[in-house]
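Asks: Pasting a structure below so you can have a look.
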Amino acid sequence: MGAVILPDLGTEILIPACALIGIVFALFQWLLVSKVKLTAGIDSASEPAPKNGYNDSLIEEEEGINDHNVVLKCAEIQNAISEGSTSFLFTMYKYVGIFMVAFAILIFLFLGSVEGFSTSHQPCTYDETKMCKPALATALFSTISFVLGGITSVISGFLGMKIATYANARTTLEARKGVGKAFITAFRSGAVMGFLLAANGLLVLFITINLFKIYYGDDWGGLFEAITGYGLGGSSMALFGRVGGGIYTKAADVGADLVGKVERNIPEDDPRNPAVIADNVGDNVGDIAGMGSDLFGSYAEASCAALVVASISSFGVNHEFTPMLFPLIISSVGLLVCLLTTLFATDFFEIKLVKEIEPALKKQLVISTALMTIGIAVVSWIALPSTFTIFNFGEQKVVRNWQLFLCVAVGLWAGLIIGFVTEYYTSNAYSPVQDVADSCRTGAATNVIFGLALGYKSVIIPIFAIAVSIFVSFSFAAMYGVAVAALGMLSTIATGLAIDAYGPISDNAGGIAEMAGMSHRIRERTDALDAAGNTTAAIGKGFAIGSAALVSLALFGAFVSRAGITTVDVLTPKVFIGLLVGSMLPYWFSAMTMKSVGSAALKMVEEVRRQFNTIPGLMEGTAKPDYATCVTISTDASIKEMIPPGALVMLTPLIVGIFFGVETLSGVLAGSLVSGVQIAISASNTGGAWDNAKKYIEAGASEHARSLGPKGSDPHKAAVIGDTIGDPLKDTSGPSLNILIKLMAVESLVFAPFFATHGGLLFKIWS
C-alpha cells in the first residue's frame with residue numbers, strides 16, 4: 001500500500017489552519033472595503049494617497065458631484081436595501097426553521113426505527129463479522145449533522161447578503177474615482193463572501209467529524225454515514241433560499257421592467273419606479289444569499305459523498321486518517337490557491353479601462369485552475385498511499401494515487417470548460433448574443449425563438465465535458481473518483497463565489513447611482529461593471545450545475561451501495577417507471593417556480609401601475625413612490641410560493657422510498673439527474689443571453705448595436721420583453737434545478753437504511 005508522507009497530526013493542523021487563514025483573509029478584505037466611508041468627509045485628499053487610492057481626489061469636477069448630499073443619498077438608499085433584505089431573510093428563516101425542526105424529528109424517527117430504536121450494537125452493514133454502533137446512534141448523529149449543515153448554510157447566505165448590502169453604495173462612490181476603484185471594491189466584497197463561506201463550511205465539517213469520532217471510535221462506516229446529514233441540511237436550506245429568493249427578485253424585476261421601461265419609458269432603477277427598491281433587494285436575497293447557500297450545499301454534499309465511499313474503502317477499513325480526509329485537504333489547499341488568485345485581481349494588476357474588467361474576471365478562473373492543478377498534484381503525492389483500494393459496488397478496486405489526481409484534475413478542468421462555454425453563449429462580446437440582439441429588429445417573437453435556440457445549443461459542450469469527466473473518474477476510482485471530481489470542480493469555490501457575488505454588488509451599485517441622481521458617466525461605469533458581472537454570474541451558474549451533476553451521481557452511487565442494490569437494471573419495470581417519473585420532476589418543478597414568478601409579478605405590475613395612476617406628481621418626480629408596499633408584495637409572494645416546490649423535492653424521495661422501494665427510487669434519481677442538468681443549463685443560458693442582448697443594445701458600443709438602439713426603440717423594447725421572459729429562467733428555475741437533483745440524492749442516501757429495511761410497501765402488498 002505504501003506509507004503516507006503527511007502525518008495524521010499534519011492533517012489535524014493543516015485543515016483548520018487553512019480554514020482560519022481563509023476567515024482572516026476575508027476579514028482583512030472587509031476591512032479594506034470599510035475604508036470607503038459613507039459619511040460626508042470622504043473626499044478630503046489631505047493624506048497621501050495609498051495604492052488603490054482610497055483618498056484619491058475625484059476624477060470629475062462636474063458641478064454638484066462633490067456634493068455631500070449625493071453621499072448621504074447613497075447611504076440612505078443602501079440602508080433601505082439592507083433593511084429590506086434583512087427583513088425578508090428573517091421572515092424566510094422563521095418558516096424554514098419550523099421545517100428544519102420538523103424534518104430533524106423525521107430523520108431521527110425514521111432512522112431510529114431501522115432497528116426498532118434498539119441501543120445494542122449491530123453487525124456492520126458492509127462487514128457482518130464486526131460489531132458497529134446502534135442504528136439509534138446514527139439516527140441521533142445524522143439529526144445533529146443535519147441541523148449543523150442547515151445552520152451553516154443559513155449563516156453563509158445571511159453573511160453574504162450583509163456583505164453585499166454593505167458594499168453596494170461604496171462601489172457607487174468609488175465609481176466617481178474611476179472604473180478601477182469601483183471594480184476593486186466590488187470584487188473585494190465578493191471575496192469576503194467567497195472566503196467566509198468556503199472556510200466556514202470546511203471548518204464546521206472538520207470539527208463535526210472530530211467530535212463524532214469521540215463517540216464512534218473505530219466505527220468509521222457509522223461515523224461518515226451520520227455525517228451525510230450535514231450535506232442534507234446544507235442543501236435543504238439552499239433550496240428554500242434559492243426558490244424563495246429567486247421568486248422575490250424576479251417578481252420585483254419583472255414588475256419594475258414591464259411598467260417602468262416598456263410602458264412608462266423611464267430608465268432602469270429610476271427612483272420614480274415604485275418597485276425599484278424591491279428589485280435591488282431581490283439581487284441580494286436571490287443572487288447572493290441563494291447562490292451562497294447553493295454552492296455551500298454542493299460543497300458539503302460532494303465532501304459527504306466522498307467520505308461515505310472512502311469510509312468503506314481501504315482508508316476507512318484500515319483507519320488511515322490522512323487519506324480518509326483527502327476530500328477536506330483538497331478544499332483546504334483550494335482556499336490557499338484562491339487567496340493567491342484574488343491578489344492578482346486586487347493588488348498585482350490594476351484595472352484602468354472598462355474593457356479590462358471581463359478579462360480580469362476570466363483570468364481569475366484560469367489562474368485558480370492552473371494553480372489548483374499543481375496543488376492537487378502535491379496533495380495527491382503527500383496525502384495518499386501509492387496504491388489503495390476503493391469500494392466499487394460490493395468489491396474493492398485497486399487504485400493508484402496518480403489516478404486519483406487525474407480524477408480531481410478532470411473535474412477541475414471540466415469546470416473551467418463549462419465556465420468558458422457558458423461565457424461564450426451569454427456574453428455580448430461574442431456572436432451568439434449579438435445574433436439574438438439582431439433578431440430584435442423584427443420584434444419580440446424572433447428574439448424569443450433565437451434565445452431558446454441558443455439555450456438548447458449551449459447544452460452540448462457542457463454535457464460532453466461532464467460525460468468525459470464522469471467516464472475518466474469512474475474508470476479510475478469508481479464512485480469515489482466521481483465524488484472527488486465534483487470536489488475538484490468546487491475546489492476553487494472561494495474564487496467562483498467572489499466572481500459571482502461581484503455581479504449583484506455591481507448591479508446594486510448601478511441602481512444606487514441612478515436613484516441618487518449621479519452623473520451619466522458614473523452610470524456608464526457601473527453599467528460596464530454590471531455587464532461583466534452578468535456574464536460571470538452565468539459562469540457561476542454553469543459551475544453550480546456542472547458540479548451538481550457530478551455530486552448527485554456520486555451520492556447516487558453511495559445510496560445504491562448503502563441500500564444494498566448490486567445493479568440498477570433499466571429493463572425492470574420497477575426501475576423504468578422511476579426513470580420516467582424522475583425525468584418528469586424537473587419539468588414539474590420548473591412549472592411551479594415559473595408560475596410562482598408569473599403570479600407574483602402580476603401583483604407587482606398591478607401595484608406599480610396603481611401607484612403611477614393614483615399618486616399625483618410621481619412621473620414628474622415631485623412625489624415619492626410607496627416602495628414599502630412593493631417590498632411587502634415580493635416578500636409575501638415568495639414565502640407563500642416557495643413551499644409547494646420545496647415540498648415536491650423533499651417529499652418525493654420519502655414517498656417513492658416508502659411505497660415503491662429502493663429500486664424505483666434509484667430510477668427516480670437517475671431520471672431527475674439526466675433531465676434536470678439539461679433543463680438547468682439551457683434555462684440559465686437562455687435567460688443570460690436575453691439579458692445581455694438587451695444590455696448590448698443599450699450600451700451601443702458598436703456600429704451594429706447603435707443601429708438597433710437607442711433605449712426606447714422598437715428593437716430595444718423587443719429585447720426588454722426577451723429579458724423579462726428570461727428572468728425567471730435564469731434566476732429562479734434554472735439555478736434551483738441543480739439543488740433539486742442534489743437534494744433528492746442526498747436525502748435518499750440519508751434515509752437509505754430505512755428504505756432498505758421498511759421501504760417498498762406497495763410492491764410488498766402487490767406480491
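Residue numbers start at 1 in each chain; chains themselves are named A, B, ... in the order of the C-alpha cells; ligands are numbered from 1 in the order shown.
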I need the strand (DSSP E or B) residues of stretch 87-300 of chain A per DSSP on the backbone, written as a list in words.
Replies: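 For stretch 87-300 of chain A, the strand (DSSP E or B) set is Gln122, Pro123, Met131 and Cys132 of chain A.
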Asks: Excluding stretch 507-521 of chain A and any residue of its chain fewer than 3 positions from it, enumerate the residues within 7 Å of it, using only C-alpha atoms, and give them as a PyMOL selection string.
Replies: chain A and resi 70+73-74+77+168-169+171-172+269-271+280+503-504+524-527+530
Asks: Any chance you can output those residues with C-alpha atoms as a short mmCIF file (atom, residue, chain, number, x, y, z; two decimals), in the first residue's frame?
Replies:
data_model
loop_
_atom_site.label_atom_id
_atom_site.label_comp_id
_atom_site.auth_asym_id
_atom_site.auth_seq_id
_atom_site.Cartn_x
_atom_site.Cartn_y
_atom_site.Cartn_z
CA VAL A 70 -25.01 62.59 -3.04
CA LYS A 73 -28.45 59.88 -0.59
CA CYS A 74 -26.34 56.80 -1.37
CA ILE A 77 -30.68 54.05 -0.38
CA ASN A 168 -23.05 48.31 -2.93
CA ALA A 169 -23.11 52.05 -2.11
CA THR A 171 -18.87 50.67 -5.04
CA THR A 172 -21.06 53.51 -6.37
CA ASP A 269 -33.55 51.80 -11.50
CA ASP A 270 -35.30 55.17 -11.87
CA PRO A 271 -36.26 56.39 -8.34
CA ASN A 280 -32.41 45.84 -5.67
CA GLY A 503 -22.23 40.76 -10.23
CA PRO A 504 -25.16 41.62 -7.93
CA GLU A 524 -21.85 54.16 -17.61
CA ARG A 525 -19.07 52.85 -15.39
CA THR A 526 -21.41 50.90 -13.11
CA ASP A 527 -23.19 49.52 -16.21
CA ASP A 530 -22.68 45.11 -14.22
#
Asks: Calculated over only C-alpha atoms, which of the candidates A:Ala256, A:Leu404, A:Leu106, A:Ala528 has the smallest distance to A:Gly488?
Replies: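 Checking each candidate against A:Gly488, we get A:Leu404 as the closest.
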Asks: Give me, as a tab-separated table, each residue of stretch 92-186 of chain A that comes within 9 Å of stretch 200-217 of chain A, together with its shortest interatomic pair and the distance in Å at one decimal, counting only C-alpha atoms, with rows ordered by chain and rising residue number.
Replies:
residue	atom	partner	partner_atom	distance
A:Cys132	CA	A:Tyr216	CA	8.7
A:Lys133	CA	A:Tyr216	CA	7.1
A:Phe141	CA	A:Phe212	CA	7.6
A:Ser145	CA	A:Thr208	CA	7.5
A:Leu148	CA	A:Val204	CA	8.0
A:Gly149	CA	A:Leu205	CA	8.4
A:Thr152	CA	A:Gly201	CA	6.8
A:Ser153	CA	A:Gly201	CA	8.2
A:Ser156	CA	A:Asn200	CA	7.9
Asks: Would you list the contacts of A:Leu173 as a list in words, taking every protein, DNA or RNA residue within 8 Å and counting only C-alpha atoms, but skipping same-chain residues closer than 4 positions in sequence?
Replies: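 The residues satisfying every condition are Val71, Ala169, Lys177 and Ala182 of chain A.
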Asks: How about saving the chosen residues, N, CA, C and O atoms kept, as an mmCIF file, in the first residue's frame?
Replies:
data_model
loop_
_atom_site.group_PDB
_atom_site.id
_atom_site.type_symbol
_atom_site.label_atom_id
_atom_site.label_comp_id
_atom_site.auth_asym_id
_atom_site.auth_seq_id
_atom_site.Cartn_x
_atom_site.Cartn_y
_atom_site.Cartn_z
ATOM 1 N N VAL A 71 -23.590 61.665 -1.296
ATOM 2 C CA VAL A 71 -23.107 60.614 -0.390
ATOM 3 C C VAL A 71 -24.211 60.210 0.584
ATOM 4 O O VAL A 71 -24.466 59.023 0.810
ATOM 5 N N ALA A 169 -23.225 50.587 -2.019
ATOM 6 C CA ALA A 169 -23.107 52.052 -2.108
ATOM 7 C C ALA A 169 -21.636 52.469 -2.148
ATOM 8 O O ALA A 169 -21.274 53.456 -2.795
ATOM 9 N N LYS A 177 -14.286 57.838 -8.787
ATOM 10 C CA LYS A 177 -12.836 57.977 -8.937
ATOM 11 C C LYS A 177 -12.323 57.217 -10.160
ATOM 12 O O LYS A 177 -11.160 57.316 -10.501
ATOM 13 N N ALA A 182 -13.830 51.208 -8.451
ATOM 14 C CA ALA A 182 -15.135 50.576 -8.213
ATOM 15 C C ALA A 182 -15.022 49.062 -8.347
ATOM 16 O O ALA A 182 -15.587 48.302 -7.558
#
Asks: Could you give me, as a list of chain:residue names, the residues within 7 Å of stretch 669-674 of chain A, counting only C-alpha atoms and dropping anything in the same chain fewer than 3 positions from it?
Replies: A:Ala549, A:Leu579, A:Leu580, A:Gly582, A:Ser583, A:Leu585, A:Pro586, A:Leu665, A:Ser666, A:Val677, A:Ile741, A:Met744, A:Ala745
Asks: If you run DSSP over the backbone, which residues in stretch 305-466 of chain A end up helix (DSSP H, G or I)? Put them as a ChimeraX atom specification.
Replies: /A:305-311,314-317,321-324,326-348,354-383,401-426,431-442,444-457,460-466
Asks: How far is it from atom CA of A:Gly190 to atom CA of A:Asp257, in Å with one decimal?
Replies: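 Computed distance, atom CA of A:Gly190 to atom CA of A:Asp257, equals 26.4 Å.
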Asks: Which of these, A:Leu737, A:Thr622, A:Ala198, A:Leu109, has the shortest distance to A:Val649 once you count only C-alpha atoms?
Replies: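 Between A:Leu737, A:Thr622, A:Ala198, A:Leu109, the residue approaching A:Val649 most closely is A:Leu737.
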